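Below is one structure; the comments refer to it alone.
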Amino acid sequence: MSQQTALSVKDLKTYFYTNKRCNKAVNGVSFDIKKGSTLCIVGESGCGKSVTASTIMQLLPRLSRIEEGSITYNSDAGEIAIHELERDGAEMKRIRGSEIAMIFQDPMTALNPVYTIGFQIAESLQYHTDLNKSQIRARTIELLANMGIPSPEQRVDEYPHHYSGGMRQRAMIAMAMSCNPKILIADEPTTALDVTIQAQIFELMEKLKTENDTAIMLITHDMGVVAELADDVAVMYMGNIVEAGTVDDVLRRPRHPYTKALLESIPVLGRGRSQDIKSIRGATPDPYDRPKGCQFAPRCDFATDACNQMPAEEQLSDTHRVMCWQHEELKQNA
């Protein structure tokens, strides 16, 4: 693994088992997260983005498992095969929170309602650092102040229900950033926040990236955020990465119909009300009743008989790859 690569995921398959049925939630995903850069993973709800993040953190539910593939973390002490670690083992507990941290999508379920916000942030510092009690409290107040929470000295002793939705999300982000992690996984971290606070949070994440050389994996639906923050982009659909490359490759030269459709469904500032915004027809298929071959074929304007077979991944350049039979036709129609 390159010294610049913080985390490498190779051919990862995570399956869920319920009522004698199998949901191939992540079905052969590969990507690298580089130190000091941001990888954005985009796609519709249910495409496997959050499951990929939970797999890296070893936070999968009981009726699921990693079927194949590897997750390799390039720590200061050498390479660690995360996929081989016990979910609740000492080594995974040491890494989780201190070296690889995660900002969850829903702060109300991620925060414990019976403990104060300050206690929950302090717990992470107590477990992963050598700070004493007064230093931990000072650091906790500093983290809340950094997140733009007013009167942090008072609010540090309040409970999650005293916080608004946006403030709870900021407290979650403070918790994730408390130990200056090497890798930060952010699962739609600004969903509940207004745009000014969103900008503030992304600024903090950028600061963490540049000052600590942190690798960031950002899961988002917002292509505007992708254009602003991403160095690399991976587009997911039904458990596969259908296109990946630099932000320039994917946003300026999309070669998969799904990427193209996502970009066409976004309004462009300055074009006024007359612009043609296209929705993606149909809906994502039932994960227990998947189409044959290419998963996007039933919704695709470029589909042919060849799409009844799953396309292999093709390397278009050193940085750009795609899984599509029709990528040449897409290039001509660009």
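As shown in the structure tokens, the chain order sets the letters A, B, ...; within each chain, residues go from 1, and ligands are also counted from 1 in the order they appear.
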
- request: Would you mind writing down, as a ChimeraX atom specification, each residue of region 48-238 of chain A that DSSP on the backbone assigns to strand (DSSP E)?
  value: /A:64-75,78-81,100-103,183-187,215-220,232-237

Using only C-alpha atoms, which residues of region 140-241 of chain A come within 12 Å of region 110-115 of chain A, and what is the closest atom pair for each, with the distance in Å to one decimal? Give it as a tab-separated table, sorted by chain and residue number.
```
residue	atom	partner	partner_atom	distance
A:Val156	CA	A:Tyr115	CA	10.9
A:Asp157	CA	A:Tyr115	CA	9.1
A:Glu158	CA	A:Tyr115	CA	8.5
A:Tyr159	CA	A:Tyr115	CA	6.3
A:Pro160	CA	A:Pro113	CA	5.8
A:His161	CA	A:Pro113	CA	7.0
A:His162	CA	A:Pro113	CA	9.9
A:Tyr163	CA	A:Pro113	CA	11.0
A:Gly165	CA	A:Leu111	CA	11.5
A:Met167	CA	A:Leu111	CA	11.9
A:Arg168	CA	A:Leu111	CA	8.1
A:Gln169	CA	A:Leu111	CA	9.5
A:Arg170	CA	A:Leu111	CA	11.5
A:Ala171	CA	A:Leu111	CA	9.0
A:Met172	CA	A:Leu111	CA	7.5
A:Ile173	CA	A:Ala110	CA	11.2
A:Met175	CA	A:Leu111	CA	10.1
A:Ala176	CA	A:Ala110	CA	11.6
```

task: Could you pull out the residues in region 87-307 of chain A that DSSP calls alpha helix (DSSP H) from the backbone, as a VMD selection string?
output: chain A and resid 90 to 95 107 to 110 117 to 128 133 to 146 152 to 155 165 to 177 195 to 212 223 to 229 247 to 252 257 to 264

Output as a tab-separated table one row per residue of region 82-138 of chain A within 8 Å of region 44-63 of chain A: the closest atom pair and its distance in Å to one decimal place, counting only C-alpha atoms, sorted by chain and residue number ascending.
```
residue	atom	partner	partner_atom	distance
A:Ile82	CA	A:Ile56	CA	7.2
A:His83	CA	A:Ile56	CA	7.8
A:Arg87	CA	A:Gln58	CA	5.3
A:Met92	CA	A:Gln58	CA	7.8
A:Arg96	CA	A:Met57	CA	6.6
A:Ile100	CA	A:Met57	CA	7.5
A:Met102	CA	A:Met57	CA	7.9
```

field: For His320 (chain A), the nearest of the candidates A:Leu144, A:Ile216, A:Ala25, A:Ala244, counting only C-alpha atoms
entry: A:Ala244

Shell around region 228-235 of chain A at 7 Å using only C-alpha atoms, local window under 2 positions removed, as a VMD selection string: chain A and resid 37 to 43 224 to 226 237 241 to 247 250 259

Written selection (N, CA and C atoms) as a PDB file, in the first residue's frame:
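Once written, out27.pdb looks like this:
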```
ATOM      1  N   SER A  37      -6.731  14.095   1.920  1.00  0.00           N
ATOM      2  CA  SER A  37      -7.654  14.336   0.805  1.00  0.00           C
ATOM      3  C   SER A  37      -9.050  13.831   1.161  1.00  0.00           C
ATOM      4  N   THR A  38     -10.035  14.270   0.384  1.00  0.00           N
ATOM      5  CA  THR A  38     -11.432  13.914   0.647  1.00  0.00           C
ATOM      6  C   THR A  38     -11.980  13.052  -0.481  1.00  0.00           C
ATOM      7  N   LEU A  39     -12.491  11.875  -0.097  1.00  0.00           N
ATOM      8  CA  LEU A  39     -13.210  11.020  -1.048  1.00  0.00           C
ATOM      9  C   LEU A  39     -14.695  11.186  -0.764  1.00  0.00           C
ATOM     10  N   CYS A  40     -15.452  11.625  -1.767  1.00  0.00           N
ATOM     11  CA  CYS A  40     -16.906  11.742  -1.610  1.00  0.00           C
ATOM     12  C   CYS A  40     -17.579  10.534  -2.240  1.00  0.00           C
ATOM     13  N   ILE A  41     -18.472   9.900  -1.484  1.00  0.00           N
ATOM     14  CA  ILE A  41     -19.260   8.788  -2.021  1.00  0.00           C
ATOM     15  C   ILE A  41     -20.686   9.281  -2.194  1.00  0.00           C
ATOM     16  N   VAL A  42     -21.177   9.211  -3.437  1.00  0.00           N
ATOM     17  CA  VAL A  42     -22.509   9.739  -3.740  1.00  0.00           C
ATOM     18  C   VAL A  42     -23.400   8.636  -4.317  1.00  0.00           C
ATOM     19  N   GLY A  43     -24.693   8.868  -4.240  1.00  0.00           N
ATOM     20  CA  GLY A  43     -25.660   7.907  -4.762  1.00  0.00           C
ATOM     21  C   GLY A  43     -26.980   8.060  -4.025  1.00  0.00           C
ATOM     22  N   GLY A 224     -23.329  19.800  -4.940  1.00  0.00           N
ATOM     23  CA  GLY A 224     -22.664  21.081  -4.706  1.00  0.00           C
ATOM     24  C   GLY A 224     -21.540  20.932  -3.696  1.00  0.00           C
ATOM     25  N   VAL A 225     -21.807  20.166  -2.653  1.00  0.00           N
ATOM     26  CA  VAL A 225     -20.790  19.873  -1.632  1.00  0.00           C
ATOM     27  C   VAL A 225     -19.641  19.090  -2.255  1.00  0.00           C
ATOM     28  N   VAL A 226     -19.979  18.129  -3.122  1.00  0.00           N
ATOM     29  CA  VAL A 226     -18.962  17.312  -3.806  1.00  0.00           C
ATOM     30  C   VAL A 226     -18.040  18.217  -4.623  1.00  0.00           C
ATOM     31  N   TYR A 237     -24.176   2.596  -6.802  1.00  0.00           N
ATOM     32  CA  TYR A 237     -25.547   2.225  -7.162  1.00  0.00           C
ATOM     33  C   TYR A 237     -25.737   0.744  -6.859  1.00  0.00           C
ATOM     34  N   ILE A 241     -19.656   0.330  -7.013  1.00  0.00           N
ATOM     35  CA  ILE A 241     -19.167   1.643  -7.439  1.00  0.00           C
ATOM     36  C   ILE A 241     -19.190   1.615  -8.963  1.00  0.00           C
ATOM     37  N   VAL A 242     -20.124   2.368  -9.558  1.00  0.00           N
ATOM     38  CA  VAL A 242     -20.312   2.314 -11.006  1.00  0.00           C
ATOM     39  C   VAL A 242     -19.370   3.264 -11.747  1.00  0.00           C
ATOM     40  N   GLU A 243     -18.893   4.293 -11.023  1.00  0.00           N
ATOM     41  CA  GLU A 243     -17.911   5.199 -11.621  1.00  0.00           C
ATOM     42  C   GLU A 243     -17.099   5.836 -10.503  1.00  0.00           C
ATOM     43  N   ALA A 244     -15.801   6.000 -10.753  1.00  0.00           N
ATOM     44  CA  ALA A 244     -14.933   6.633  -9.753  1.00  0.00           C
ATOM     45  C   ALA A 244     -13.800   7.357 -10.466  1.00  0.00           C
ATOM     46  N   GLY A 245     -13.345   8.420  -9.838  1.00  0.00           N
ATOM     47  CA  GLY A 245     -12.239   9.185 -10.414  1.00  0.00           C
ATOM     48  C   GLY A 245     -12.016  10.457  -9.631  1.00  0.00           C
ATOM     49  N   THR A 246     -11.211  11.342 -10.179  1.00  0.00           N
ATOM     50  CA  THR A 246     -11.026  12.644  -9.539  1.00  0.00           C
ATOM     51  C   THR A 246     -12.332  13.427  -9.697  1.00  0.00           C
ATOM     52  N   VAL A 247     -12.486  14.481  -8.920  1.00  0.00           N
ATOM     53  CA  VAL A 247     -13.717  15.279  -8.998  1.00  0.00           C
ATOM     54  C   VAL A 247     -13.893  15.842 -10.416  1.00  0.00           C
ATOM     55  N   VAL A 250     -15.162  12.918 -12.851  1.00  0.00           N
ATOM     56  CA  VAL A 250     -16.546  12.461 -12.660  1.00  0.00           C
ATOM     57  C   VAL A 250     -17.562  13.567 -12.940  1.00  0.00           C
ATOM     58  N   THR A 259     -24.343   8.515 -13.351  1.00  0.00           N
ATOM     59  CA  THR A 259     -23.652   9.755 -12.955  1.00  0.00           C
ATOM     60  C   THR A 259     -24.233  10.931 -13.742  1.00  0.00           C
TER      61      THR A 259
END
```

Closest contacts (region 110-223 of chain A/region 1-15 of chain A, max 10 Å, only C-alpha atoms) as a Markdown table:
```
| residue | atom | partner | partner_atom | distance |
| --- | --- | --- | --- | --- |
| A:Lys182 | CA | A:Ala6 | CA | 7.7 |
| A:Ile183 | CA | A:Ala6 | CA | 7.2 |
| A:Asp213 | CA | A:Ala6 | CA | 9.8 |
| A:Thr214 | CA | A:Ala6 | CA | 8.5 |
| A:Ala215 | CA | A:Ala6 | CA | 6.5 |
| A:Ile216 | CA | A:Ala6 | CA | 9.5 |
| A:Met217 | CA | A:Leu7 | CA | 9.9 |
```

Selected residues, N, CA and C atoms, written as a PDB file, in the first residue's frame, please.
```
ATOM      1  N   LYS A 182      -7.036  10.052  12.288  1.00  0.00           N
ATOM      2  CA  LYS A 182      -6.282   9.948  11.028  1.00  0.00           C
ATOM      3  C   LYS A 182      -7.263   9.840   9.854  1.00  0.00           C
ATOM      4  N   ILE A 183      -8.407   9.168  10.120  1.00  0.00           N
ATOM      5  CA  ILE A 183      -9.441   9.015   9.088  1.00  0.00           C
ATOM      6  C   ILE A 183     -10.774   9.440   9.691  1.00  0.00           C
ATOM      7  N   ASP A 213      -3.376  16.286   8.249  1.00  0.00           N
ATOM      8  CA  ASP A 213      -3.230  15.322   7.139  1.00  0.00           C
ATOM      9  C   ASP A 213      -4.286  14.216   7.225  1.00  0.00           C
ATOM     10  N   THR A 214      -5.465  14.574   7.731  1.00  0.00           N
ATOM     11  CA  THR A 214      -6.550  13.600   7.912  1.00  0.00           C
ATOM     12  C   THR A 214      -7.143  13.199   6.559  1.00  0.00           C
ATOM     13  N   ALA A 215      -7.436  11.912   6.427  1.00  0.00           N
ATOM     14  CA  ALA A 215      -8.150  11.415   5.247  1.00  0.00           C
ATOM     15  C   ALA A 215      -9.640  11.449   5.560  1.00  0.00           C
ATOM     16  N   ILE A 216     -10.429  12.005   4.658  1.00  0.00           N
ATOM     17  CA  ILE A 216     -11.870  12.140   4.911  1.00  0.00           C
ATOM     18  C   ILE A 216     -12.665  11.355   3.867  1.00  0.00           C
ATOM     19  N   MET A 217     -13.605  10.546   4.377  1.00  0.00           N
ATOM     20  CA  MET A 217     -14.568   9.882   3.495  1.00  0.00           C
ATOM     21  C   MET A 217     -15.913  10.521   3.796  1.00  0.00           C
TER      22      MET A 217
END
```

task: Have a look at A:Glu211, A:Lys331, A:Val322, A:Asp286 and name the one nearest to Arg252 (chain A); count only C-alpha atoms.
output: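 Closest to Arg252 (chain A), using only C-alpha atoms: A:Lys331.
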
Nearest candidate to Asn240 (chain A) (options A:Ala101, A:Leu316, A:Met310, A:Ile141; using only C-alpha atoms): A:Met310

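Nearest residue to Cys300 (chain A), choosing from A:Tyr258, A:Gln105, A:Arg271, A:Arg155 and counting only C-alpha atoms: A:Tyr258.
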